[in-house]
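Chemist: File target23.cif below, mmCIF, C-alpha atoms:
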data_data
loop_
_atom_site.group_PDB
_atom_site.id
_atom_site.type_symbol
_atom_site.label_atom_id
_atom_site.label_comp_id
_atom_site.auth_asym_id
_atom_site.auth_seq_id
_atom_site.Cartn_x
_atom_site.Cartn_y
_atom_site.Cartn_z
ATOM 1 C CA GLY A 1 0.000 0.000 0.000
ATOM 2 C CA ASP A 2 0.908 3.660 -0.183
ATOM 3 C CA ALA A 3 2.805 5.451 2.565
ATOM 4 C CA VAL A 4 0.783 7.096 5.369
ATOM 5 C CA ALA A 5 1.512 10.549 6.784
ATOM 6 C CA GLY A 6 2.352 9.610 10.353
ATOM 7 C CA ALA A 7 3.084 11.549 13.514
ATOM 8 C CA PRO A 8 6.665 12.582 14.341
ATOM 9 C CA VAL A 9 8.636 9.513 15.410
ATOM 10 C CA LEU A 10 9.372 9.865 19.114
ATOM 11 C CA LYS A 11 12.781 9.042 20.528
ATOM 12 C CA GLY A 12 13.774 7.956 24.010
ATOM 13 C CA GLY A 13 11.483 6.231 26.490
ATOM 14 C CA ILE A 14 12.302 3.494 28.980
ATOM 15 C CA GLU A 15 15.313 1.503 27.826
ATOM 16 C CA SER A 16 15.752 -2.204 27.220
ATOM 17 C CA PRO A 17 12.307 -3.617 26.441
ATOM 18 C CA ALA A 18 12.316 -7.348 25.745
ATOM 19 C CA LEU A 19 9.867 -6.847 22.860
ATOM 20 C CA TRP A 20 8.934 -3.667 20.991
ATOM 21 C CA MET A 21 6.387 -3.327 18.192
ATOM 22 C CA ARG A 22 6.654 0.209 16.808
ATOM 23 C CA PHE A 23 4.314 -0.271 13.810
ATOM 24 C CA ASP A 24 6.091 2.406 11.767
ATOM 25 C CA GLU A 25 6.171 0.443 8.505
ATOM 26 C CA GLY A 26 3.246 2.551 7.286
ATOM 27 C CA LEU A 27 5.574 5.546 6.845
ATOM 28 C CA SER A 28 6.738 3.992 3.571
ATOM 29 C CA ALA A 29 5.120 1.777 0.964
ATOM 30 C CA HIS A 30 4.354 -1.382 2.870
ATOM 31 C CA LYS A 31 3.247 -4.992 2.781
ATOM 32 C CA ASN A 32 1.277 -7.116 5.220
ATOM 33 C CA PHE A 33 3.999 -7.479 7.811
ATOM 34 C CA THR A 34 5.674 -5.519 10.573
ATOM 35 C CA ARG A 35 8.987 -5.928 12.384
ATOM 36 C CA GLU A 36 9.735 -6.421 16.051
ATOM 37 C CA SER A 37 12.373 -3.827 16.942
ATOM 38 C CA VAL A 38 14.543 -5.663 19.510
ATOM 39 C CA LYS A 39 15.392 -8.759 17.439
ATOM 40 C CA GLY A 40 14.304 -7.469 14.036
ATOM 41 C CA SER A 41 12.022 -10.434 13.401
ATOM 42 C CA THR A 42 9.265 -10.274 10.783
ATOM 43 C CA CYS A 43 5.714 -10.564 12.118
ATOM 44 C CA GLY A 44 2.745 -11.250 9.880
ATOM 45 C CA ILE A 45 -0.405 -9.142 9.852
ATOM 46 C CA GLY A 46 -3.441 -11.390 9.459
ATOM 47 C CA GLY A 47 -6.900 -10.459 8.242
ATOM 48 C CA VAL A 48 -8.555 -8.995 5.175
ATOM 49 C CA ASP A 49 -5.858 -6.320 4.840
ATOM 50 C CA SER A 50 -3.361 -4.288 6.858
ATOM 51 C CA TYR A 51 -4.721 -0.869 7.775
ATOM 52 C CA TRP A 52 -2.074 1.747 8.571
ATOM 53 C CA ARG A 53 -2.980 5.026 10.262
ATOM 54 C CA LYS A 54 -1.273 7.992 11.941
ATOM 55 C CA GLY A 55 -0.066 6.830 15.352
ATOM 56 C CA VAL A 56 1.171 8.412 18.561
ATOM 57 C CA SER A 57 4.649 7.972 17.076
ATOM 58 C CA GLY A 58 4.994 7.427 13.350
ATOM 59 C CA THR A 59 2.218 5.111 12.173
ATOM 60 C CA CYS A 60 0.038 2.550 13.935
ATOM 61 C CA LEU A 61 -2.205 -0.336 12.957
ATOM 62 C CA SER A 62 -5.986 -0.215 12.814
ATOM 63 C CA PHE A 63 -7.714 -3.486 13.792
ATOM 64 C CA ASP A 64 -11.103 -4.164 12.212
ATOM 65 C CA GLY A 65 -12.776 -5.991 15.118
ATOM 66 C CA TYR A 66 -13.264 -9.150 13.019
ATOM 67 C CA THR A 67 -10.151 -10.513 11.295
ATOM 68 C CA ASN A 68 -7.005 -8.529 12.086
ATOM 69 C CA ARG A 69 -4.114 -9.604 14.261
ATOM 70 C CA VAL A 70 -0.345 -9.338 14.408
ATOM 71 C CA THR A 71 1.439 -12.619 15.120
ATOM 72 C CA VAL A 72 4.799 -12.575 16.892
ATOM 73 C CA PRO A 73 6.430 -16.016 16.489
ATOM 74 C CA ALA A 74 6.956 -17.964 19.709
ATOM 75 C CA ARG A 75 10.689 -18.331 19.057
ATOM 76 C CA GLU A 76 11.079 -14.525 19.176
ATOM 77 C CA LEU A 77 9.301 -13.959 22.487
ATOM 78 C CA PRO A 78 10.880 -13.151 25.853
ATOM 79 C CA ASP A 79 10.685 -15.891 28.457
ATOM 80 C CA ILE A 80 8.433 -14.392 31.123
ATOM 81 C CA ARG A 81 8.860 -16.197 34.449
ATOM 82 C CA GLY A 82 8.771 -13.461 37.067
ATOM 83 C CA ASP A 83 8.130 -9.714 37.065
ATOM 84 C CA PHE A 84 6.957 -8.198 33.781
ATOM 85 C CA THR A 85 5.338 -5.130 32.229
ATOM 86 C CA ILE A 86 3.152 -4.714 29.139
ATOM 87 C CA GLU A 87 2.663 -1.291 27.556
ATOM 88 C CA ALA A 88 0.427 -0.271 24.657
ATOM 89 C CA TRP A 89 -1.181 2.846 23.263
ATOM 90 C CA ILE A 90 -4.785 2.081 22.306
ATOM 91 C CA ALA A 91 -7.655 4.068 20.797
ATOM 92 C CA PRO A 92 -10.704 1.781 20.618
ATOM 93 C CA GLN A 93 -13.283 2.530 17.964
ATOM 94 C CA GLU A 94 -15.872 0.457 19.807
ATOM 95 C CA TYR A 95 -15.889 -1.901 22.760
ATOM 96 C CA SER A 96 -15.495 -5.602 22.087
ATOM 97 C CA TRP A 97 -18.204 -8.288 21.995
ATOM 98 C CA ALA A 98 -16.349 -9.971 24.853
ATOM 99 C CA TRP A 99 -12.740 -10.062 26.065
ATOM 100 C CA SER A 100 -10.569 -9.148 23.084
ATOM 101 C CA GLY A 101 -6.811 -9.403 23.060
ATOM 102 C CA ILE A 102 -4.595 -6.346 23.095
ATOM 103 C CA VAL A 103 -1.491 -8.429 23.822
ATOM 104 C CA ASP A 104 -2.438 -12.090 24.150
ATOM 105 C CA HIS A 105 -0.240 -15.058 25.075
ATOM 106 C CA ASP A 106 -2.932 -17.079 26.844
ATOM 107 C CA GLN A 107 -3.036 -20.855 26.447
ATOM 108 C CA ASP A 108 -6.541 -21.796 27.609
ATOM 109 C CA LYS A 109 -6.005 -20.139 31.012
ATOM 110 C CA ARG A 110 -3.499 -22.906 31.792
ATOM 111 C CA ALA A 111 -0.353 -20.933 30.991
ATOM 112 C CA GLY A 112 0.773 -17.578 29.664
ATOM 113 C CA TYR A 113 -0.522 -14.045 30.127
ATOM 114 C CA ARG A 114 -2.681 -11.427 28.447
ATOM 115 C CA LEU A 115 -3.643 -7.751 28.352
ATOM 116 C CA ALA A 116 -7.252 -7.482 27.231
ATOM 117 C CA MET A 117 -10.342 -5.254 26.943
ATOM 118 C CA ASP A 118 -13.963 -6.280 27.541
ATOM 119 C CA HIS A 119 -17.409 -5.215 26.280
ATOM 120 C CA LEU A 120 -17.516 -2.386 28.818
ATOM 121 C CA GLY A 121 -14.119 -0.984 27.882
ATOM 122 C CA ARG A 122 -12.410 -2.261 31.016
ATOM 123 C CA ILE A 123 -8.777 -3.359 30.889
ATOM 124 C CA ALA A 124 -7.451 -6.575 32.425
ATOM 125 C CA LEU A 125 -3.999 -7.991 33.044
ATOM 126 C CA GLU A 126 -3.994 -11.734 33.703
ATOM 127 C CA ALA A 127 -1.374 -14.466 33.987
ATOM 128 C CA CYS A 128 -0.955 -18.077 35.032
ATOM 129 C CA LEU A 129 0.825 -18.066 38.384
ATOM 130 C CA GLU A 130 2.142 -21.497 39.344
ATOM 131 C CA GLY A 131 -0.857 -23.273 37.849
ATOM 132 C CA ARG A 132 -3.631 -20.830 38.752
ATOM 133 C CA TRP A 133 -5.062 -18.181 36.439
ATOM 134 C CA SER A 134 -5.035 -14.830 38.234
ATOM 135 C CA GLY A 135 -5.454 -11.207 37.311
ATOM 136 C CA LEU A 136 -6.858 -7.756 37.745
ATOM 137 C CA THR A 137 -9.565 -5.740 35.944
ATOM 138 C CA THR A 138 -10.103 -1.996 36.070
ATOM 139 C CA SER A 139 -13.480 -0.611 37.125
ATOM 140 C CA LYS A 140 -12.887 2.368 34.835
ATOM 141 C CA ALA A 141 -13.396 2.072 31.081
ATOM 142 C CA VAL A 142 -10.994 3.545 28.556
ATOM 143 C CA ASP A 143 -12.461 6.234 26.301
ATOM 144 C CA LEU A 144 -13.558 5.523 22.746
ATOM 145 C CA LEU A 145 -11.904 7.343 19.839
ATOM 146 C CA LYS A 146 -9.132 8.685 22.054
ATOM 147 C CA TRP A 147 -5.573 7.538 22.706
ATOM 148 C CA THR A 148 -4.952 5.948 26.115
ATOM 149 C CA PHE A 149 -1.538 4.825 27.319
ATOM 150 C CA VAL A 150 -1.984 1.478 29.101
ATOM 151 C CA THR A 151 0.748 0.127 31.352
ATOM 152 C CA ALA A 152 0.203 -3.140 33.223
ATOM 153 C CA THR A 153 2.724 -4.627 35.634
ATOM 154 C CA TYR A 154 3.161 -7.804 37.671
ATOM 155 C CA ARG A 155 5.552 -8.195 40.611
ATOM 156 C CA LYS A 156 5.814 -11.769 41.849
ATOM 157 C CA THR A 157 6.110 -10.666 45.484
ATOM 158 C CA LYS A 158 3.384 -8.017 45.334
ATOM 159 C CA GLY A 159 0.843 -8.471 42.541
ATOM 160 C CA PHE A 160 -0.798 -6.743 39.591
ATOM 161 C CA ALA A 161 -1.180 -3.044 38.773
ATOM 162 C CA ILE A 162 -2.743 -1.196 35.829
ATOM 163 C CA TYR A 163 -1.975 2.413 34.933
ATOM 164 C CA LEU A 164 -3.974 4.501 32.454
ATOM 165 C CA ASP A 165 -2.091 7.509 31.104
ATOM 166 C CA GLY A 166 0.455 7.092 33.891
ATOM 167 C CA VAL A 167 -2.098 7.078 36.728
ATOM 168 C CA LEU A 168 -2.538 3.987 38.905
ATOM 169 C CA THR A 169 -6.089 2.828 38.173
ATOM 170 C CA ALA A 170 -6.226 -0.645 39.734
ATOM 171 C CA SER A 171 -4.023 -2.901 41.850
ATOM 172 C CA GLY A 172 -4.387 -6.327 43.401
ATOM 173 C CA SER A 173 -2.249 -8.655 45.457
ATOM 174 C CA ALA A 174 -0.881 -11.900 44.043
ATOM 175 C CA THR A 175 2.303 -13.909 44.340
ATOM 176 C CA GLY A 176 4.132 -16.586 42.432
ATOM 177 C CA ALA A 177 6.176 -17.231 39.310
ATOM 178 C CA VAL A 178 4.591 -16.868 35.879
ATOM 179 C CA GLN A 179 4.018 -20.117 33.994
ATOM 180 C CA ASP A 180 4.802 -19.049 30.424
ATOM 181 C CA VAL A 181 4.215 -20.923 27.131
ATOM 182 C CA PRO A 182 7.421 -21.423 25.112
ATOM 183 C CA ASP A 183 5.720 -22.750 21.947
ATOM 184 C CA LEU A 184 2.733 -20.385 21.616
ATOM 185 C CA ASP A 185 2.770 -17.402 19.251
ATOM 186 C CA LEU A 186 1.780 -14.045 20.710
ATOM 187 C CA PHE A 187 -1.200 -12.217 19.209
ATOM 188 C CA ILE A 188 -1.633 -8.454 19.151
ATOM 189 C CA GLY A 189 -5.215 -7.328 18.583
ATOM 190 C CA MET A 190 -6.837 -10.771 18.895
ATOM 191 C CA ALA A 191 -7.549 -13.230 21.705
ATOM 192 C CA HIS A 192 -6.344 -16.824 21.445
ATOM 193 C CA ALA A 193 -9.407 -18.091 23.297
ATOM 194 C CA LYS A 194 -12.674 -18.352 21.406
ATOM 195 C CA SER A 195 -15.804 -16.998 23.070
ATOM 196 C CA TYR A 196 -19.354 -15.858 22.335
ATOM 197 C CA PRO A 197 -20.694 -12.282 22.604
ATOM 198 C CA TRP A 198 -21.330 -11.278 26.207
ATOM 199 C CA ALA A 199 -24.821 -9.916 25.497
ATOM 200 C CA CYS A 200 -26.138 -12.767 23.358
ATOM 201 C CA GLU A 201 -29.917 -13.164 23.688
ATOM 202 C CA ARG A 202 -30.365 -16.765 22.552
ATOM 203 C CA GLU A 203 -28.783 -19.820 24.129
ATOM 204 C CA ILE A 204 -27.860 -21.244 20.722
ATOM 205 C CA THR A 205 -25.589 -18.243 20.135
ATOM 206 C CA LYS A 206 -23.255 -19.591 22.814
ATOM 207 C CA SER A 207 -22.456 -22.491 20.496
ATOM 208 C CA PHE A 208 -20.827 -20.162 17.965
ATOM 209 C CA ARG A 209 -17.520 -19.043 19.388
ATOM 210 C CA SER A 210 -14.854 -16.947 17.709
ATOM 211 C CA ASN A 211 -11.590 -15.202 18.479
ATOM 212 C CA MET A 212 -12.478 -11.755 19.779
ATOM 213 C CA VAL A 213 -10.653 -8.994 17.895
ATOM 214 C CA PHE A 214 -9.861 -5.498 19.104
ATOM 215 C CA SER A 215 -11.584 -2.723 17.129
ATOM 216 C CA GLY A 216 -9.508 0.427 16.827
ATOM 217 C CA LEU A 217 -5.906 1.609 16.853
ATOM 218 C CA ILE A 218 -2.892 0.055 18.612
ATOM 219 C CA ASP A 219 0.596 1.533 18.688
ATOM 220 C CA GLU A 220 3.942 1.202 20.482
ATOM 221 C CA VAL A 221 3.503 -2.198 22.150
ATOM 222 C CA ARG A 222 6.329 -3.094 24.532
ATOM 223 C CA ILE A 223 6.987 -5.952 26.924
ATOM 224 C CA PHE A 224 9.602 -5.728 29.670
ATOM 225 C CA ASN A 225 10.899 -8.686 31.674
ATOM 226 C CA ARG A 226 10.755 -6.517 34.780
ATOM 227 C CA ALA A 227 8.078 -4.485 36.548
ATOM 228 C CA LEU A 228 8.493 -0.787 35.808
ATOM 229 C CA ASN A 229 8.195 1.520 38.796
ATOM 230 C CA GLU A 230 5.761 4.440 38.962
ATOM 231 C CA SER A 231 8.361 7.095 38.185
ATOM 232 C CA ASP A 232 9.379 5.233 35.025
ATOM 233 C CA ILE A 233 5.757 4.898 33.932
ATOM 234 C CA ARG A 234 4.957 8.568 34.507
ATOM 235 C CA SER A 235 8.021 9.700 32.569
ATOM 236 C CA ASP A 236 7.607 7.281 29.654
#
In structure tokens, how does this file's structure come out?
Modeler:
Amino acid sequence: GDAVAGAPVLKGGIESPALWMRFDEGLSAHKNFTRESVKGSTCGIGGVDSYWRKGVSGTCLSFDGYTNRVTVPARELPDIRGDFTIEAWIAPQEYSWAWSGIVDHDQDKRAGYRLAMDHLGRIALEACLEGRWSGLTTSKAVDLLKWTFVTATYRKTKGFAIYLDGVLTASGSATGAVQDVPDLDLFIGMAHAKSYPWACEREITKSFRSNMVFSGLIDEVRIFNRALNESDIRSD
């Protein structure tokens, strides 16, 4: 496709992410792939087409709510066993039918982790901690059609925390090592788990499950193999 007029590409930020998806390929003529910035690996963009838009830095990807996802190959992923942080800029166009993946590495709630948004616009960070699926959900919804900077952290001796635009919005206690999935690809914009719409009216609808896809813009996705502190998050 043709190049997109993006925002100025921002420099700096917290150093040494373990994974960084900048989504700036839209600044030049592009194909249906993007590159992870730490290792330089190629990541496919699934769906009807790749939709590039102006981002918070450079360009971003628009997800259609039905088919789009970015796939980061399992071999390129950091091995998350203890503390970690997930960051993403999101601007939802509409809230999901059910829990849709923003950053999803969830293997049937038996291993892995995910950052997700539900039908009410609430954000959740969840992970498998020594065999039990645990997590935290905000009571506050993110705004539609507006950029929100989401930062979600886990400390294995303290628990989960979610920050929206640098402000602590939710926190919950939990302990234990993360049980990661070494052979599962990571999805951006789509959930691994299949589910039915939360507000379905007929029982038969529950028989038709699909992967819930984020609807809107996602930019600057980063994963750290450490829990960022509040001063880092506010200055990022």
Chemist: For Asp183 of chain A, find every residue with an atom within 10 Å (counting only C-alpha atoms), except residues of its own chain fewer than 4 positions away, and show them as a list in words.
Modeler: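 Here the qualifying residues turn out to be Pro73, Ala74, Arg75 and Leu77 of chain A.
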Chemist: Include C-alpha atoms and write out the residues we just selected as a PDB file, keeping the file's coordinate frame.
Modeler:
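Contents of the output file selection-v6.pdb:
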ATOM      1  CA  PRO A  73       6.430 -16.016  16.489  1.00  0.00           C
ATOM      2  CA  ALA A  74       6.956 -17.964  19.709  1.00  0.00           C
ATOM      3  CA  ARG A  75      10.689 -18.331  19.057  1.00  0.00           C
ATOM      4  CA  LEU A  77       9.301 -13.959  22.487  1.00  0.00           C
TER       5      LEU A  77
END
Chemist: Spell out the residues picked by the PyMOL selection byres ((chain A and resi 120-131) around 7) here, as a PyMOL selection string.
Modeler: chain A and resi 95+109-119+132-142+152+176-179
Chemist: Which one is closest to Cys60 of chain A: A:Asp24, A:Glu203, A:Asp236, A:Asp143? Count only C-alpha atoms.
Modeler: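 Smallest distance to Cys60 of chain A is found for A:Asp24.
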Chemist: What does the distance between atom CA of His105 of chain A and atom CA of Glu25 of chain A come to in Å, to one decimal place?
Modeler: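 So the answer is 23.6 Å.
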Chemist: Show me, as a list in words, the residues that have an atom within 8 Å of Asn225 of chain A when counting all atoms listed in the file, minus same-chain residues fewer than 2 positions from it.
Modeler: Pro17, Ala18, Pro78, Asp79, Ile80, Gly82, Asp83, Phe84, Thr85, Ile223 and Ala227 of chain A
Chemist: What is the atom CA of Thr169 of chain A-atom CA of Val38 of chain A distance in Å, reported with one decimal?
Modeler: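 The value is 29.1 Å.
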Chemist: Do a neighbour search on Lys146 of chain A at 12 Å with all atoms listed in the file, toss out local chain neighbours closer than 2 positions, and write the hits as a list in words.
Modeler: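 The contact residues come out as Gly55, Val56, Trp89, Ile90, Ala91, Pro92, Gln93, Glu94, Ala141, Val142, Asp143, Leu144, Thr148, Phe149, Asp165, Gly216, Leu217 and Ile218 of chain A.
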Chemist: Could you please determine the separation between atom CA of Lys39 of chain A and atom CA of Met21 of chain A in Å, to one decimal place?
Modeler: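 Answer for the atom CA of Lys39 of chain A to atom CA of Met21 of chain A separation: 10.5 Å.
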Chemist: Quick one: residues within 9 Å of (4.9, -2.8, 15.2) (file frame), counting all atoms listed in the file, please, as a PyMOL selection string.
Modeler: chain A and resi 20-25+33-37+43+59-61+70+218-221
Chemist: On this structure, which residues satisfy the PyMOL selection byres ((chain A and resi 9) around 6), written as a list in words?
Modeler: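 Applying the expression gives Pro8, Leu10, Ser57 and Gly58 of chain A.
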Chemist: Can I get the selected residues back with C-alpha atoms, as a compact mmCIF listing (two decimals), in the coordinates of the input?
Modeler:
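Result file is out.txt:
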# COMPACT_ATOMS: atom_id res chain seq x y z
CA PRO A 8 6.66 12.58 14.34
CA LEU A 10 9.37 9.86 19.11
CA SER A 57 4.65 7.97 17.08
CA GLY A 58 4.99 7.43 13.35
Chemist: Could you please fill out segment 209-229 of chain A with N, CA and C atoms and send it back as an mmCIF file, in the frame of the given file?
Modeler:
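Wrote it out as part.cif, contents follow:
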data_model
loop_
_atom_site.group_PDB
_atom_site.id
_atom_site.type_symbol
_atom_site.label_atom_id
_atom_site.label_comp_id
_atom_site.auth_asym_id
_atom_site.auth_seq_id
_atom_site.Cartn_x
_atom_site.Cartn_y
_atom_site.Cartn_z
ATOM 1 N N ARG A 209 -18.603 -19.782 18.748
ATOM 2 C CA ARG A 209 -17.520 -19.043 19.388
ATOM 3 C C ARG A 209 -16.492 -18.591 18.347
ATOM 4 N N SER A 210 -15.873 -17.461 18.619
ATOM 5 C CA SER A 210 -14.854 -16.947 17.709
ATOM 6 C C SER A 210 -13.787 -16.204 18.507
ATOM 7 N N ASN A 211 -12.664 -15.972 17.853
ATOM 8 C CA ASN A 211 -11.590 -15.202 18.479
ATOM 9 C C ASN A 211 -11.989 -13.735 18.497
ATOM 10 N N MET A 212 -12.059 -13.143 19.667
ATOM 11 C CA MET A 212 -12.478 -11.755 19.779
ATOM 12 C C MET A 212 -11.334 -10.824 19.377
ATOM 13 N N VAL A 213 -11.652 -9.884 18.479
ATOM 14 C CA VAL A 213 -10.653 -8.994 17.895
ATOM 15 C C VAL A 213 -10.888 -7.560 18.366
ATOM 16 N N PHE A 214 -9.808 -6.897 18.718
ATOM 17 C CA PHE A 214 -9.861 -5.498 19.104
ATOM 18 C C PHE A 214 -10.321 -4.655 17.919
ATOM 19 N N SER A 215 -11.130 -3.636 18.174
ATOM 20 C CA SER A 215 -11.584 -2.723 17.129
ATOM 21 C C SER A 215 -11.042 -1.336 17.430
ATOM 22 N N GLY A 216 -10.097 -0.883 16.612
ATOM 23 C CA GLY A 216 -9.508 0.427 16.827
ATOM 24 C C GLY A 216 -8.012 0.420 16.559
ATOM 25 N N LEU A 217 -7.320 1.401 17.121
ATOM 26 C CA LEU A 217 -5.906 1.609 16.853
ATOM 27 C C LEU A 217 -5.038 1.089 18.001
ATOM 28 N N ILE A 218 -3.901 0.486 17.642
ATOM 29 C CA ILE A 218 -2.892 0.055 18.612
ATOM 30 C C ILE A 218 -1.530 0.519 18.123
ATOM 31 N N ASP A 219 -0.736 1.047 19.047
ATOM 32 C CA ASP A 219 0.596 1.533 18.688
ATOM 33 C C ASP A 219 1.561 1.278 19.838
ATOM 34 N N GLU A 220 2.845 1.228 19.510
ATOM 35 C CA GLU A 220 3.942 1.202 20.482
ATOM 36 C C GLU A 220 3.723 0.163 21.594
ATOM 37 N N VAL A 221 3.650 -1.090 21.191
ATOM 38 C CA VAL A 221 3.503 -2.198 22.150
ATOM 39 C C VAL A 221 4.888 -2.614 22.641
ATOM 40 N N ARG A 222 5.047 -2.671 23.955
ATOM 41 C CA ARG A 222 6.329 -3.094 24.532
ATOM 42 C C ARG A 222 6.096 -4.050 25.692
ATOM 43 N N ILE A 223 6.970 -5.035 25.789
ATOM 44 C CA ILE A 223 6.987 -5.952 26.924
ATOM 45 C C ILE A 223 8.362 -5.860 27.575
ATOM 46 N N PHE A 224 8.370 -5.738 28.889
ATOM 47 C CA PHE A 224 9.602 -5.728 29.670
ATOM 48 C C PHE A 224 9.620 -6.954 30.570
ATOM 49 N N ASN A 225 10.795 -7.553 30.751
ATOM 50 C CA ASN A 225 10.899 -8.686 31.674
ATOM 51 C C ASN A 225 11.256 -8.197 33.082
ATOM 52 N N ARG A 226 10.660 -7.089 33.438
ATOM 53 C CA ARG A 226 10.755 -6.517 34.780
ATOM 54 C C ARG A 226 9.520 -5.639 34.992
ATOM 55 N N ALA A 227 9.213 -5.353 36.232
ATOM 56 C CA ALA A 227 8.078 -4.485 36.548
ATOM 57 C C ALA A 227 8.576 -3.048 36.640
ATOM 58 N N LEU A 228 8.095 -2.185 35.765
ATOM 59 C CA LEU A 228 8.493 -0.787 35.808
ATOM 60 C C LEU A 228 7.940 -0.130 37.070
ATOM 61 N N ASN A 229 8.681 0.802 37.632
ATOM 62 C CA ASN A 229 8.195 1.520 38.796
ATOM 63 C C ASN A 229 7.370 2.735 38.357
#
